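Just data.tsv here, TSV, N, CA and C atoms:
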```
chain	number	residue	atom	x	y	z
E	94	MET	N	-16.82	42.50	-74.65
E	94	MET	CA	-15.52	41.86	-74.54
E	94	MET	C	-14.69	42.08	-75.79
E	95	ILE	N	-15.34	42.02	-76.94
E	95	ILE	CA	-14.62	42.24	-78.19
E	95	ILE	C	-14.03	43.64	-78.21
E	96	GLU	N	-14.80	44.61	-77.74
E	96	GLU	CA	-14.32	46.00	-77.68
E	96	GLU	C	-13.15	46.10	-76.72
E	97	GLN	N	-13.21	45.38	-75.63
E	97	GLN	CA	-12.13	45.39	-74.64
E	97	GLN	C	-10.84	44.87	-75.28
E	98	LEU	N	-10.93	43.80	-76.07
E	98	LEU	CA	-9.75	43.27	-76.75
E	98	LEU	C	-9.22	44.28	-77.75
E	99	ARG	N	-10.11	44.86	-78.54
E	99	ARG	CA	-9.69	45.86	-79.54
E	99	ARG	C	-9.01	47.06	-78.88
E	100	ASN	N	-9.59	47.54	-77.78
E	100	ASN	CA	-9.02	48.70	-77.09
E	100	ASN	C	-7.60	48.45	-76.61
E	101	HIS	N	-7.26	47.20	-76.38
E	101	HIS	CA	-5.92	46.86	-75.91
E	101	HIS	C	-5.03	46.32	-77.03
E	102	GLY	N	-5.51	46.45	-78.28
E	102	GLY	CA	-4.70	46.05	-79.43
E	102	GLY	C	-4.51	44.56	-79.58
E	103	LEU	N	-5.42	43.77	-79.03
E	103	LEU	CA	-5.31	42.31	-79.11
E	103	LEU	C	-6.18	41.77	-80.24
E	104	LYS	N	-5.68	40.75	-80.92
E	104	LYS	CA	-6.48	40.09	-81.94
E	104	LYS	C	-7.68	39.40	-81.29
E	105	ILE	N	-8.76	39.39	-82.01
E	105	ILE	CA	-9.97	38.73	-81.52
E	105	ILE	C	-9.95	37.30	-82.04
E	106	THR	N	-9.79	36.37	-81.10
E	106	THR	CA	-9.78	34.95	-81.47
E	106	THR	C	-10.87	34.24	-80.67
E	107	PRO	N	-11.36	33.12	-81.18
E	107	PRO	CA	-12.36	32.36	-80.42
E	107	PRO	C	-11.86	31.96	-79.03
E	108	GLN	N	-10.56	31.62	-78.92
E	108	GLN	CA	-10.01	31.22	-77.63
E	108	GLN	C	-10.03	32.39	-76.63
E	109	ARG	N	-9.65	33.58	-77.10
E	109	ARG	CA	-9.63	34.73	-76.20
E	109	ARG	C	-11.04	35.08	-75.73
E	110	ILE	N	-11.98	35.02	-76.63
E	110	ILE	CA	-13.37	35.30	-76.26
E	110	ILE	C	-13.87	34.25	-75.27
E	111	ALA	N	-13.54	32.98	-75.52
E	111	ALA	CA	-13.97	31.90	-74.62
E	111	ALA	C	-13.35	32.06	-73.23
E	112	ILE	N	-12.08	32.42	-73.17
E	112	ILE	CA	-11.42	32.62	-71.88
E	112	ILE	C	-12.05	33.79	-71.14
E	113	LEU	N	-12.30	34.89	-71.85
E	113	LEU	CA	-12.96	36.04	-71.21
E	113	LEU	C	-14.36	35.68	-70.74
E	114	ASN	N	-15.07	34.84	-71.50
E	114	ASN	CA	-16.40	34.40	-71.07
E	114	ASN	C	-16.33	33.62	-69.77
E	115	ILE	N	-15.32	32.77	-69.62
E	115	ILE	CA	-15.16	32.00	-68.38
E	115	ILE	C	-14.83	32.95	-67.22
E	116	LEU	N	-14.00	33.94	-67.48
E	116	LEU	CA	-13.58	34.85	-66.41
E	116	LEU	C	-14.62	35.91	-66.06
E	117	LYS	N	-15.49	36.24	-67.03
E	117	LYS	CA	-16.46	37.31	-66.82
E	117	LYS	C	-17.29	37.04	-65.56
E	118	ASP	N	-17.27	37.98	-64.63
E	118	ASP	CA	-18.01	37.90	-63.37
E	118	ASP	C	-17.65	36.67	-62.54
E	119	ASN	N	-16.49	36.05	-62.81
E	119	ASN	CA	-16.06	34.86	-62.08
E	119	ASN	C	-15.25	35.30	-60.87
E	120	THR	N	-15.72	34.96	-59.69
E	120	THR	CA	-15.03	35.36	-58.47
E	120	THR	C	-14.24	34.21	-57.84
E	121	THR	N	-14.10	33.09	-58.57
E	121	THR	CA	-13.37	31.95	-58.01
E	121	THR	C	-11.87	32.00	-58.30
E	122	HIS	N	-11.43	32.94	-59.13
E	122	HIS	CA	-10.01	33.08	-59.48
E	122	HIS	C	-9.44	31.76	-60.02
E	123	PRO	N	-9.97	31.29	-61.15
E	123	PRO	CA	-9.54	30.00	-61.68
E	123	PRO	C	-8.09	30.01	-62.14
E	124	SER	N	-7.49	28.83	-62.15
E	124	SER	CA	-6.14	28.66	-62.67
E	124	SER	C	-6.23	28.41	-64.18
E	125	ALA	N	-5.09	28.48	-64.84
E	125	ALA	CA	-5.04	28.19	-66.28
E	125	ALA	C	-5.51	26.76	-66.54
E	126	GLU	N	-5.14	25.85	-65.66
E	126	GLU	CA	-5.54	24.45	-65.83
E	126	GLU	C	-7.06	24.28	-65.72
E	127	GLU	N	-7.67	25.01	-64.79
E	127	GLU	CA	-9.12	24.94	-64.64
E	127	GLU	C	-9.83	25.53	-65.86
E	128	ILE	N	-9.31	26.64	-66.37
E	128	ILE	CA	-9.89	27.25	-67.58
E	128	ILE	C	-9.74	26.30	-68.76
E	129	TYR	N	-8.56	25.71	-68.90
E	129	TYR	CA	-8.30	24.74	-69.96
E	129	TYR	C	-9.29	23.57	-69.88
E	130	GLY	N	-9.51	23.05	-68.68
E	130	GLY	CA	-10.44	21.93	-68.49
E	130	GLY	C	-11.86	22.28	-68.90
E	131	GLN	N	-12.27	23.51	-68.66
E	131	GLN	CA	-13.62	23.93	-69.05
E	131	GLN	C	-13.74	24.13	-70.56
E	132	LEU	N	-12.66	24.57	-71.20
E	132	LEU	CA	-12.71	24.86	-72.63
E	132	LEU	C	-12.46	23.66	-73.52
E	133	LYS	N	-11.69	22.70	-73.05
E	133	LYS	CA	-11.25	21.57	-73.88
E	133	LYS	C	-12.40	20.83	-74.57
E	134	PRO	N	-13.53	20.59	-73.91
E	134	PRO	CA	-14.62	19.89	-74.62
E	134	PRO	C	-15.14	20.64	-75.85
E	135	ASN	N	-15.13	21.97	-75.81
E	135	ASN	CA	-15.62	22.77	-76.93
E	135	ASN	C	-14.53	23.14	-77.93
E	136	PHE	N	-13.27	23.02	-77.52
E	136	PHE	CA	-12.12	23.33	-78.38
E	136	PHE	C	-11.15	22.15	-78.32
E	137	PRO	N	-11.45	21.04	-79.00
E	137	PRO	CA	-10.62	19.83	-78.88
E	137	PRO	C	-9.15	20.02	-79.25
E	138	SER	N	-8.84	20.96	-80.14
E	138	SER	CA	-7.45	21.16	-80.53
E	138	SER	C	-6.72	22.17	-79.64
E	139	LEU	N	-7.39	22.70	-78.63
E	139	LEU	CA	-6.80	23.68	-77.73
E	139	LEU	C	-5.70	23.05	-76.89
E	140	SER	N	-4.60	23.77	-76.73
E	140	SER	CA	-3.52	23.29	-75.87
E	140	SER	C	-3.45	24.15	-74.61
E	141	LEU	N	-2.88	23.58	-73.56
E	141	LEU	CA	-2.69	24.32	-72.32
E	141	LEU	C	-1.76	25.51	-72.56
E	142	ALA	N	-0.78	25.35	-73.45
E	142	ALA	CA	0.13	26.45	-73.78
E	142	ALA	C	-0.63	27.63	-74.38
E	143	THR	N	-1.63	27.35	-75.21
E	143	THR	CA	-2.44	28.43	-75.80
E	143	THR	C	-3.20	29.17	-74.70
E	144	VAL	N	-3.73	28.45	-73.73
E	144	VAL	CA	-4.45	29.08	-72.62
E	144	VAL	C	-3.48	29.97	-71.84
E	145	TYR	N	-2.30	29.45	-71.50
E	145	TYR	CA	-1.31	30.25	-70.77
E	145	TYR	C	-0.91	31.49	-71.57
E	146	ASN	N	-0.63	31.32	-72.86
E	146	ASN	CA	-0.22	32.45	-73.70
E	146	ASN	C	-1.31	33.50	-73.79
E	147	THR	N	-2.55	33.06	-73.91
E	147	THR	CA	-3.68	33.99	-73.99
E	147	THR	C	-3.86	34.73	-72.67
E	148	LEU	N	-3.80	34.01	-71.56
E	148	LEU	CA	-3.92	34.66	-70.24
E	148	LEU	C	-2.79	35.65	-70.02
E	149	GLU	N	-1.59	35.30	-70.44
E	149	GLU	CA	-0.45	36.22	-70.30
E	149	GLU	C	-0.66	37.48	-71.13
E	150	ALA	N	-1.16	37.33	-72.35
E	150	ALA	CA	-1.42	38.50	-73.21
E	150	ALA	C	-2.51	39.38	-72.60
E	151	LEU	N	-3.57	38.77	-72.09
E	151	LEU	CA	-4.66	39.53	-71.46
E	151	LEU	C	-4.16	40.24	-70.20
E	152	ASN	N	-3.31	39.59	-69.43
E	152	ASN	CA	-2.74	40.19	-68.22
E	152	ASN	C	-1.83	41.36	-68.58
E	153	ARG	N	-0.93	41.17	-69.56
E	153	ARG	CA	-0.03	42.25	-69.99
E	153	ARG	C	-0.81	43.47	-70.49
E	154	ALA	N	-1.94	43.20	-71.15
E	154	ALA	CA	-2.76	44.29	-71.69
E	154	ALA	C	-3.59	44.97	-70.60
E	155	GLY	N	-3.63	44.39	-69.40
E	155	GLY	CA	-4.40	44.99	-68.31
E	155	GLY	C	-5.88	44.66	-68.36
E	156	VAL	N	-6.25	43.65	-69.13
E	156	VAL	CA	-7.65	43.24	-69.24
E	156	VAL	C	-8.05	42.38	-68.05
E	157	ILE	N	-7.11	41.55	-67.57
E	157	ILE	CA	-7.32	40.70	-66.40
E	157	ILE	C	-6.13	40.88	-65.47
E	158	GLN	N	-6.18	40.25	-64.31
E	158	GLN	CA	-5.10	40.31	-63.34
E	158	GLN	C	-4.63	38.91	-62.99
E	159	GLU	N	-3.33	38.70	-63.02
E	159	GLU	CA	-2.79	37.45	-62.51
E	159	GLU	C	-2.70	37.57	-61.00
E	160	VAL	N	-3.24	36.59	-60.30
E	160	VAL	CA	-3.23	36.59	-58.84
E	160	VAL	C	-2.09	35.68	-58.38
E	161	ILE	N	-1.10	36.29	-57.77
E	161	ILE	CA	0.07	35.54	-57.31
E	161	ILE	C	-0.11	35.32	-55.81
E	162	ILE	N	-0.76	34.22	-55.47
E	162	ILE	CA	-1.07	33.92	-54.07
E	162	ILE	C	-0.73	32.48	-53.72
E	163	ASP	N	-0.77	31.60	-54.70
E	163	ASP	CA	-0.53	30.17	-54.51
E	163	ASP	C	0.79	29.82	-55.21
E	164	PRO	N	1.78	29.36	-54.47
E	164	PRO	CA	3.08	29.09	-55.11
E	164	PRO	C	3.04	27.92	-56.11
E	165	ARG	N	1.97	27.13	-56.07
E	165	ARG	CA	1.90	25.97	-56.96
E	165	ARG	C	1.29	26.26	-58.32
E	166	LYS	N	0.47	27.32	-58.44
E	166	LYS	CA	-0.15	27.63	-59.72
E	166	LYS	C	-0.63	29.06	-59.77
E	167	ARG	N	-0.73	29.55	-60.99
E	167	ARG	CA	-1.22	30.91	-61.22
E	167	ARG	C	-2.74	30.92	-61.27
E	168	HIS	N	-3.31	32.00	-60.76
E	168	HIS	CA	-4.76	32.18	-60.80
E	168	HIS	C	-5.04	33.51	-61.49
E	169	TYR	N	-6.28	33.65	-61.99
E	169	TYR	CA	-6.62	34.83	-62.78
E	169	TYR	C	-7.93	35.45	-62.31
E	170	ASP	N	-7.96	36.78	-62.36
E	170	ASP	CA	-9.08	37.56	-61.86
E	170	ASP	C	-9.53	38.51	-62.97
E	171	PRO	N	-10.84	38.55	-63.27
E	171	PRO	CA	-11.30	39.45	-64.32
E	171	PRO	C	-11.26	40.92	-63.91
E	172	ASN	N	-11.01	41.20	-62.63
E	172	ASN	CA	-10.94	42.58	-62.15
E	172	ASN	C	-9.47	43.02	-62.14
E	173	PRO	N	-9.05	43.84	-63.11
E	173	PRO	CA	-7.64	44.22	-63.17
E	173	PRO	C	-7.24	45.34	-62.20
E	174	LYS	N	-8.20	45.93	-61.50
E	174	LYS	CA	-7.88	47.02	-60.57
E	174	LYS	C	-7.18	46.46	-59.34
E	175	PRO	N	-6.24	47.22	-58.76
E	175	PRO	CA	-5.56	46.75	-57.55
E	175	PRO	C	-6.54	46.48	-56.42
E	176	HIS	N	-6.47	45.28	-55.87
E	176	HIS	CA	-7.28	44.91	-54.71
E	176	HIS	C	-6.63	43.72	-54.02
E	177	SER	N	-7.06	43.44	-52.81
E	177	SER	CA	-6.47	42.37	-52.00
E	177	SER	C	-7.18	41.04	-52.23
E	178	HIS	N	-6.45	39.96	-51.91
E	178	HIS	CA	-7.00	38.62	-52.02
E	178	HIS	C	-6.75	37.85	-50.72
E	179	PHE	N	-7.58	36.87	-50.48
E	179	PHE	CA	-7.48	36.00	-49.31
E	179	PHE	C	-7.52	34.56	-49.80
E	180	GLN	N	-6.61	33.71	-49.30
E	180	GLN	CA	-6.65	32.29	-49.63
E	180	GLN	C	-6.82	31.48	-48.36
E	181	CYS	N	-7.81	30.59	-48.39
E	181	CYS	CA	-8.07	29.73	-47.25
E	181	CYS	C	-7.03	28.61	-47.19
E	182	ARG	N	-6.47	28.40	-46.03
E	182	ARG	CA	-5.45	27.35	-45.88
E	182	ARG	C	-6.07	25.95	-45.85
E	183	ASN	N	-7.38	25.86	-45.63
E	183	ASN	CA	-8.04	24.55	-45.61
E	183	ASN	C	-8.50	24.12	-47.00
E	184	CYS	N	-9.31	24.96	-47.67
E	184	CYS	CA	-9.91	24.57	-48.94
E	184	CYS	C	-9.20	25.18	-50.15
E	185	SER	N	-8.24	26.07	-49.93
E	185	SER	CA	-7.45	26.74	-50.97
E	185	SER	C	-8.25	27.71	-51.83
E	186	SER	N	-9.50	27.98	-51.48
E	186	SER	CA	-10.30	28.95	-52.23
E	186	SER	C	-9.68	30.33	-52.10
E	187	ILE	N	-9.87	31.14	-53.14
E	187	ILE	CA	-9.34	32.51	-53.17
E	187	ILE	C	-10.52	33.47	-53.26
E	188	PHE	N	-10.48	34.51	-52.44
E	188	PHE	CA	-11.56	35.49	-52.38
E	188	PHE	C	-10.99	36.89	-52.55
E	189	ASP	N	-11.80	37.81	-53.09
E	189	ASP	CA	-11.47	39.23	-53.06
E	189	ASP	C	-11.77	39.75	-51.66
E	190	ILE	N	-10.90	40.61	-51.17
E	190	ILE	CA	-11.05	41.17	-49.83
E	190	ILE	C	-11.03	42.69	-49.91
E	191	ALA	N	-12.01	43.32	-49.29
E	191	ALA	CA	-12.03	44.78	-49.15
E	191	ALA	C	-11.44	45.09	-47.79
E	192	ILE	N	-10.27	45.74	-47.78
E	192	ILE	CA	-9.58	45.96	-46.51
E	192	ILE	C	-9.78	47.37	-45.96
E	193	GLY	N	-10.59	48.17	-46.64
E	193	GLY	CA	-10.91	49.48	-46.11
E	193	GLY	C	-9.95	50.58	-46.51
E	194	ILE	N	-8.89	50.24	-47.23
E	194	ILE	CA	-8.02	51.28	-47.77
E	194	ILE	C	-7.97	51.10	-49.28
E	195	GLU	N	-7.94	52.20	-49.97
E	195	GLU	CA	-7.90	52.12	-51.42
E	195	GLU	C	-6.46	52.01	-51.87
E	196	LEU	N	-6.18	51.01	-52.69
E	196	LEU	CA	-4.83	50.83	-53.21
E	196	LEU	C	-4.63	51.79	-54.38
E	197	PRO	N	-3.43	52.31	-54.55
E	197	PRO	CA	-3.21	53.26	-55.63
E	197	PRO	C	-3.29	52.58	-56.99
E	198	PRO	N	-3.75	53.33	-58.00
E	198	PRO	CA	-3.74	52.75	-59.34
E	198	PRO	C	-2.29	52.56	-59.78
E	199	THR	N	-2.06	51.61	-60.63
E	199	THR	CA	-0.70	51.36	-61.10
E	199	THR	C	-0.64	51.50	-62.60
E	200	PRO	N	0.48	51.89	-63.16
E	200	PRO	CA	1.68	52.29	-62.45
E	200	PRO	C	1.51	53.65	-61.79
E	201	CYS	N	2.29	53.89	-60.75
E	201	CYS	CA	2.29	55.19	-60.09
E	201	CYS	C	3.70	55.42	-59.53
E	202	GLN	N	3.97	56.67	-59.16
E	202	GLN	CA	5.27	56.99	-58.60
E	202	GLN	C	5.08	57.45	-57.16
E	203	ILE	N	5.85	56.85	-56.27
E	203	ILE	CA	5.87	57.25	-54.87
E	203	ILE	C	7.33	57.52	-54.53
E	204	ASP	N	7.60	58.74	-54.10
E	204	ASP	CA	8.97	59.21	-53.94
E	204	ASP	C	9.69	59.02	-55.27
E	205	ASP	N	10.81	58.37	-55.29
E	205	ASP	CA	11.52	58.13	-56.55
E	205	ASP	C	11.29	56.73	-57.10
E	206	PHE	N	10.31	56.02	-56.54
E	206	PHE	CA	10.06	54.64	-56.95
E	206	PHE	C	8.91	54.60	-57.95
E	207	LEU	N	9.08	53.84	-59.00
E	207	LEU	CA	7.99	53.60	-59.96
E	207	LEU	C	7.31	52.29	-59.55
E	208	MET	N	6.09	52.39	-59.07
E	208	MET	CA	5.33	51.23	-58.65
E	208	MET	C	4.58	50.68	-59.85
E	209	GLU	N	4.90	49.46	-60.26
E	209	GLU	CA	4.28	48.87	-61.44
E	209	GLU	C	3.04	48.07	-61.10
E	210	TYR	N	3.03	47.43	-59.95
E	210	TYR	CA	1.84	46.71	-59.50
E	210	TYR	C	1.92	46.52	-57.99
E	211	VAL	N	0.78	46.24	-57.40
E	211	VAL	CA	0.72	46.03	-55.97
E	211	VAL	C	-0.10	44.76	-55.70
E	212	THR	N	0.35	43.98	-54.74
E	212	THR	CA	-0.43	42.82	-54.31
E	212	THR	C	-0.42	42.78	-52.79
E	213	ILE	N	-1.58	42.55	-52.23
E	213	ILE	CA	-1.70	42.31	-50.80
E	213	ILE	C	-2.50	41.03	-50.66
E	214	ASN	N	-1.86	40.02	-50.12
E	214	ASN	CA	-2.51	38.72	-49.97
E	214	ASN	C	-2.62	38.36	-48.50
E	215	TRP	N	-3.77	37.84	-48.16
E	215	TRP	CA	-4.05	37.39	-46.80
E	215	TRP	C	-4.25	35.88	-46.84
E	216	HIS	N	-3.88	35.21	-45.78
E	216	HIS	CA	-4.05	33.75	-45.68
E	216	HIS	C	-4.68	33.44	-44.33
E	217	GLY	N	-5.53	32.44	-44.30
E	217	GLY	CA	-6.19	32.06	-43.06
E	217	GLY	C	-7.27	31.04	-43.34
E	218	ILE	N	-8.39	31.15	-42.65
E	218	ILE	CA	-9.49	30.19	-42.79
E	218	ILE	C	-10.74	30.96	-43.21
E	219	CYS	N	-11.38	30.49	-44.27
E	219	CYS	CA	-12.58	31.16	-44.79
E	219	CYS	C	-13.79	30.84	-43.89
E	220	PRO	N	-14.87	31.63	-44.02
E	220	PRO	CA	-16.05	31.41	-43.18
E	220	PRO	C	-16.64	30.00	-43.30
E	221	GLN	N	-16.64	29.43	-44.51
E	221	GLN	CA	-17.21	28.08	-44.69
E	221	GLN	C	-16.39	27.03	-43.93
E	222	CYS	N	-15.07	27.14	-44.02
E	222	CYS	CA	-14.22	26.17	-43.30
E	222	CYS	C	-14.28	26.39	-41.80
E	223	ARG	N	-14.38	27.64	-41.37
E	223	ARG	CA	-14.51	27.92	-39.94
E	223	ARG	C	-15.80	27.33	-39.39
E	224	ALA	N	-16.89	27.42	-40.18
E	224	ALA	CA	-18.17	26.87	-39.75
E	224	ALA	C	-18.08	25.35	-39.60
E	225	LYS	N	-17.33	24.69	-40.50
E	225	LYS	CA	-17.17	23.23	-40.43
E	225	LYS	C	-16.37	22.84	-39.18
E	226	GLU	N	-15.40	23.68	-38.80
E	226	GLU	CA	-14.58	23.38	-37.62
E	226	GLU	C	-15.38	23.46	-36.33
E	227	THR	N	-16.41	24.32	-36.29
E	227	THR	CA	-17.19	24.48	-35.07
E	227	THR	C	-18.35	23.49	-34.97
E	228	ASP	N	-18.61	22.76	-36.06
E	228	ASP	CA	-19.71	21.76	-36.05
E	228	ASP	C	-19.30	20.52	-35.30
```

Represent the structure of the file as structure tokens.
Amino acid sequence: MIEQLRNHGLKITPQRIAILNILKDNTTHPSAEEIYGQLKPNFPSLSLATVYNTLEALNRAGVIQEVIIDPRKRHYDPNPKPHSHFQCRNCSSIFDIAIGIELPPTPCQIDDFLMEYVTINWHGICPQCRAKETD
């Protein structure tokens, strides 16, 4: 992780390392508030603004991906490669979805358009909530 920060020209701070540790292999797509809640006991002087600023810097550097799927809050994904997401309308959980087509790397040019990022979001009911409905 330290090498990843260095490769993107970011300062190595305890907060950035802690945030990356929370995101590493995390498939729940936590929000900044959830990350802040997990870190606050170990970093009593940490502010929510610091978490947001750090996540924004990591996102701009391409280390993580901001998932824009929930209009009420931002979520974050440790996988910065273009891929689709699904949000359950019952439990609000967010999942990575493989839709069978490969999304182009970004940025890329298609015709005369410069594509800076791509998002494909799906909404519906997840398998766990569907199972509860049939019980």

Give me, as a PyMOL selection string, all polymer residues having an atom no more than 8 Å from Leu148 of chain E, counting only N, CA and C atoms and skipping those fewer than 4 positions away in the same chain. chain E and resi 109+112+125+142-144+152-154+157-159+169

Written selection (N, CA and C atoms) as a PDB file, keeping the file's coordinate frame:
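As written to disk, selection35.pdb reads:
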```pdb
ATOM      1  N   ARG E 109      -9.650  33.580 -77.100  1.00  0.00           N
ATOM      2  CA  ARG E 109      -9.630  34.730 -76.200  1.00  0.00           C
ATOM      3  C   ARG E 109     -11.040  35.080 -75.730  1.00  0.00           C
ATOM      4  N   ILE E 112     -12.080  32.420 -73.170  1.00  0.00           N
ATOM      5  CA  ILE E 112     -11.420  32.620 -71.880  1.00  0.00           C
ATOM      6  C   ILE E 112     -12.050  33.790 -71.140  1.00  0.00           C
ATOM      7  N   ALA E 125      -5.090  28.480 -64.840  1.00  0.00           N
ATOM      8  CA  ALA E 125      -5.040  28.190 -66.280  1.00  0.00           C
ATOM      9  C   ALA E 125      -5.510  26.760 -66.540  1.00  0.00           C
ATOM     10  N   ALA E 142      -0.780  25.350 -73.450  1.00  0.00           N
ATOM     11  CA  ALA E 142       0.130  26.450 -73.780  1.00  0.00           C
ATOM     12  C   ALA E 142      -0.630  27.630 -74.380  1.00  0.00           C
ATOM     13  N   THR E 143      -1.630  27.350 -75.210  1.00  0.00           N
ATOM     14  CA  THR E 143      -2.440  28.430 -75.800  1.00  0.00           C
ATOM     15  C   THR E 143      -3.200  29.170 -74.700  1.00  0.00           C
ATOM     16  N   VAL E 144      -3.730  28.450 -73.730  1.00  0.00           N
ATOM     17  CA  VAL E 144      -4.450  29.080 -72.620  1.00  0.00           C
ATOM     18  C   VAL E 144      -3.480  29.970 -71.840  1.00  0.00           C
ATOM     19  N   ASN E 152      -3.310  39.590 -69.430  1.00  0.00           N
ATOM     20  CA  ASN E 152      -2.740  40.190 -68.220  1.00  0.00           C
ATOM     21  C   ASN E 152      -1.830  41.360 -68.580  1.00  0.00           C
ATOM     22  N   ARG E 153      -0.930  41.170 -69.560  1.00  0.00           N
ATOM     23  CA  ARG E 153      -0.030  42.250 -69.990  1.00  0.00           C
ATOM     24  C   ARG E 153      -0.810  43.470 -70.490  1.00  0.00           C
ATOM     25  N   ALA E 154      -1.940  43.200 -71.150  1.00  0.00           N
ATOM     26  CA  ALA E 154      -2.760  44.290 -71.690  1.00  0.00           C
ATOM     27  C   ALA E 154      -3.590  44.970 -70.600  1.00  0.00           C
ATOM     28  N   ILE E 157      -7.110  41.550 -67.570  1.00  0.00           N
ATOM     29  CA  ILE E 157      -7.320  40.700 -66.400  1.00  0.00           C
ATOM     30  C   ILE E 157      -6.130  40.880 -65.470  1.00  0.00           C
ATOM     31  N   GLN E 158      -6.180  40.250 -64.310  1.00  0.00           N
ATOM     32  CA  GLN E 158      -5.100  40.310 -63.340  1.00  0.00           C
ATOM     33  C   GLN E 158      -4.630  38.910 -62.990  1.00  0.00           C
ATOM     34  N   GLU E 159      -3.330  38.700 -63.020  1.00  0.00           N
ATOM     35  CA  GLU E 159      -2.790  37.450 -62.510  1.00  0.00           C
ATOM     36  C   GLU E 159      -2.700  37.570 -61.000  1.00  0.00           C
ATOM     37  N   TYR E 169      -6.280  33.650 -61.990  1.00  0.00           N
ATOM     38  CA  TYR E 169      -6.620  34.830 -62.780  1.00  0.00           C
ATOM     39  C   TYR E 169      -7.930  35.450 -62.310  1.00  0.00           C
TER      40      TYR E 169
END
```

Report as a PyMOL selection string all protein, DNA and RNA residues lying within 12 Å of segment 128-136 of chain E, evaluated on only C-alpha atoms, omitting residues in the same chain fewer than 6 positions from it. chain E and resi 107-116+119+121-122+142-148+167-170

Quick one: pull the distance between atom CA of Asn172 of chain E and atom CA of Ile213 of chain E, Å, one decimal.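 These two atoms are separated by 14.6 Å.
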
Between atom CA of Lys174 of chain E and atom CA of Asn214 of chain E, distance in Å (one decimal):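 Separation between atom CA of Lys174 of chain E and atom CA of Asn214 of chain E: 14.5 Å.
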
DSSP helix (DSSP H, G or I) residues within chain E, as an NGL selection string: :E and (95-100 or 107-116 or 125-132 or 141-153 or 220-227)

Residues within 7 Å of Phe188 of chain E, all atoms listed in the file, excluding chain neighbours under 5 positions, as a PyMOL selection string: chain E and resi 120-122+177-181

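Pairwise distance (atom N of Ala191 of chain E, atom C of His216 of chain E) equals 13.3 Å.
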
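Restricting the calculation to all atoms listed in the file, the smallest distance between Thr199 of chain E and any of E:Ile105, E:Leu98, E:Leu141, E:Val211 is found for E:Val211.
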
What residues in segment 120-173 of chain E get the DSSP label strand (DSSP E or B)? Please answer as number ranges by chain. E: 124, 158-160, 168-170

Enclose all atoms of segment 192-203 of chain E listed in the file in an axis-aligned box, grow every side by 3 Å, and hand back centre and edge lengths in Å to one decimal, as JSON.
```
{"center_x": -1.8, "center_y": 51.6, "center_z": -54.6, "size_x": 24.2, "size_y": 17.8, "size_z": 23.2}
```

For Ile192 of chain E, list every protein, DNA or RNA residue within 9 Å, evaluated using only C-alpha atoms, and leave out those in the same chain fewer than 2 positions away; present the list as a PyMOL selection string. chain E and resi 176-177+190+194-195

From the set E:Arg182, E:Arg223, E:His101, E:Lys117, which residue has the shortest atom-to-atom contact distance to Ile162 of chain E, counting only C-alpha atoms? E:Arg182
